[in-house]
Amino acid sequence: MIVTLIVICEVGFWVLLAAGLGLRYLAKMPRTGAAVLLCEPLLEVVLLVVTVLDLRAGADPDWKHGLAAVYIGYTAAFGHYTVRWLDGHARHRLAGGPPPVRPPRFGAARARHEVKLWLRTVAGAGLAAALLQIGVWYVDDPERTASLTSWQGFAGRAVLIHGLIALSYVLWPKKPKGGDEGHVAGAGAGKDAVRPVEDRAGR
């Protein structure tokens, strides 16, 4: 049931995203579209509630509950970033807005961008680990919660691997090749990826 709900939440995320952007830029109903996009965090709330109820009903904690915690952490950390990125592209393609600012590609600007993405991974992994720890305390049986603690290890490894990737851009900054010099001048303009003029659709 938990895995099915995770799939439903993921599909629901993209359905709500498409509906919200369509209402904002195709139907010319920006407030209604923003309201639809603001409903997206409810998907994670539903998943969290169902997971807790499943544990309270006596289900043994296993990989499905760990996966649910990691999914919630990931979407909390990267959901708003994804919505903002796609909103900028939709504004440009559907409403004649300015082209979205591309993320920096080279040098210190690219390194800062990668570090910011890594910090999102840290935040998502931290939230997942906290939810898993709450589950461990709630069940209060080390033999039954081994699966939850293993997912905490998975979250920690994700932070470490992504951190090493981000560090590589800091220690060995990527340099432009040939005709790419023109991209360097505007490389620092992007914050995370794009910054729409108006964004009330955070997850």
# chains A, B, ... in the order shown; residues from 1 in each chain; ligands from 1
call {"tool": "residues_around", "arguments": {"residues": "Gln133 of chain A", "least_positions_apart": "5", "cutoff": "10 Å", "atoms": "only C-alpha atoms", "output": "list in words"}}
result
Leu127, Ala128, Tyr138, Val139, Thr145, Leu148, Thr149 and Gln152 of chain A
call {"tool": "residues_around", "arguments": {"residues": "segment 21-32 of chain A", "least_positions_apart": "2", "cutoff": "10 Å", "atoms": "only C-alpha atoms", "output": "VMD selection string"}}
result
chain A and resid 16 to 19 34 to 38 83 86 to 87 90 to 96 200 to 201
call {"tool": "residues_around", "arguments": {"residues": "Val52 of chain A", "least_positions_apart": "3", "cutoff": "12 Å", "atoms": "only C-alpha atoms", "output": "list in words"}}
result
Ile2, Val45, Val46, Leu47, Leu48, Val49, Leu55, Arg56, Ala57, Gly58, Ala59, Asp60, Pro61, His65, Gly66, Ala68, Ala69, Leu131, Leu132, Ile134, Gly135, Val136, Tyr138 and Val139 of chain A
call {"tool": "closest_residue", "arguments": {"among": "A:Phe78, A:Phe106, A:Tyr71, A:Trp63", "to": "Lys175 of chain A", "atoms": "only C-alpha atoms"}}
result
A:Phe106
call {"tool": "atom_distance", "arguments": {"atom1": "atom CA of Leu171 of chain A", "atom2": "atom CA of His113 of chain A"}}
result
13.9 Å
call {"tool": "atom_distance", "arguments": {"atom1": "atom CA of Val115 of chain A", "atom2": "atom CA of Gly163 of chain A"}}
result
7.7 Å
call {"tool": "residues_around", "arguments": {"residues": "Glu10 of chain A", "least_positions_apart": "3", "cutoff": "10 Å", "atoms": "only C-alpha atoms", "output": "list in words"}}
result
Thr4, Leu5, Ile6, Val7, Phe13, Trp14, Val15, Leu43, Glu44, Tyr71 and Thr75 of chain A
call {"tool": "write_last_selection", "arguments": {"atoms": "N, CA and C atoms", "output": "PDB file, in the first residue's frame"}}
result
ATOM      1  N   THR A   4       2.434   1.844  -3.403  1.00  0.00           N
ATOM      2  CA  THR A   4       1.389   2.331  -4.319  1.00  0.00           C
ATOM      3  C   THR A   4       1.106   3.799  -4.069  1.00  0.00           C
ATOM      4  N   LEU A   5       1.057   4.184  -2.808  1.00  0.00           N
ATOM      5  CA  LEU A   5       0.784   5.584  -2.473  1.00  0.00           C
ATOM      6  C   LEU A   5       1.927   6.494  -2.915  1.00  0.00           C
ATOM      7  N   ILE A   6       3.168   6.007  -2.802  1.00  0.00           N
ATOM      8  CA  ILE A   6       4.306   6.797  -3.277  1.00  0.00           C
ATOM      9  C   ILE A   6       4.179   7.044  -4.781  1.00  0.00           C
ATOM     10  N   VAL A   7       3.814   6.001  -5.525  1.00  0.00           N
ATOM     11  CA  VAL A   7       3.629   6.159  -6.973  1.00  0.00           C
ATOM     12  C   VAL A   7       2.502   7.159  -7.254  1.00  0.00           C
ATOM     13  N   PHE A  13       1.961  14.666  -8.289  1.00  0.00           N
ATOM     14  CA  PHE A  13       2.814  15.850  -8.355  1.00  0.00           C
ATOM     15  C   PHE A  13       2.857  16.417  -9.772  1.00  0.00           C
ATOM     16  N   TRP A  14       3.089  15.541 -10.748  1.00  0.00           N
ATOM     17  CA  TRP A  14       3.199  16.005 -12.131  1.00  0.00           C
ATOM     18  C   TRP A  14       1.842  16.412 -12.702  1.00  0.00           C
ATOM     19  N   VAL A  15       0.791  15.744 -12.286  1.00  0.00           N
ATOM     20  CA  VAL A  15      -0.551  16.131 -12.739  1.00  0.00           C
ATOM     21  C   VAL A  15      -0.911  17.516 -12.218  1.00  0.00           C
ATOM     22  N   LEU A  43       0.204  16.255  -0.844  1.00  0.00           N
ATOM     23  CA  LEU A  43       0.523  14.878  -1.224  1.00  0.00           C
ATOM     24  C   LEU A  43       1.493  14.256  -0.228  1.00  0.00           C
ATOM     25  N   GLU A  44       2.513  15.025   0.185  1.00  0.00           N
ATOM     26  CA  GLU A  44       3.465  14.513   1.151  1.00  0.00           C
ATOM     27  C   GLU A  44       2.822  14.353   2.528  1.00  0.00           C
ATOM     28  N   TYR A  71      11.405   9.650   0.284  1.00  0.00           N
ATOM     29  CA  TYR A  71      10.640  10.348  -0.749  1.00  0.00           C
ATOM     30  C   TYR A  71      10.138  11.683  -0.227  1.00  0.00           C
ATOM     31  N   THR A  75      11.248  15.302  -1.890  1.00  0.00           N
ATOM     32  CA  THR A  75      10.292  16.235  -2.482  1.00  0.00           C
ATOM     33  C   THR A  75      10.226  17.543  -1.703  1.00  0.00           C
TER      34      THR A  75
END
call {"tool": "closest_residue", "arguments": {"among": "A:Gly12, A:Gly126, A:Gly79, A:Ala109", "to": "Phe154 of chain A", "atoms": "only C-alpha atoms"}}
result
A:Gly126
call {"tool": "atom_distance", "arguments": {"atom1": "atom CA of Leu167 of chain A", "atom2": "atom CA of Ala111 of chain A"}}
result
7.9 Å
call {"tool": "select_by_dssp", "arguments": {"residues": "chain A", "states": "alpha helix (DSSP H)", "output": "PyMOL selection string"}}
result
chain A and resi 2-25+30-38+41-56+63-95+107-139+146-171+181-185
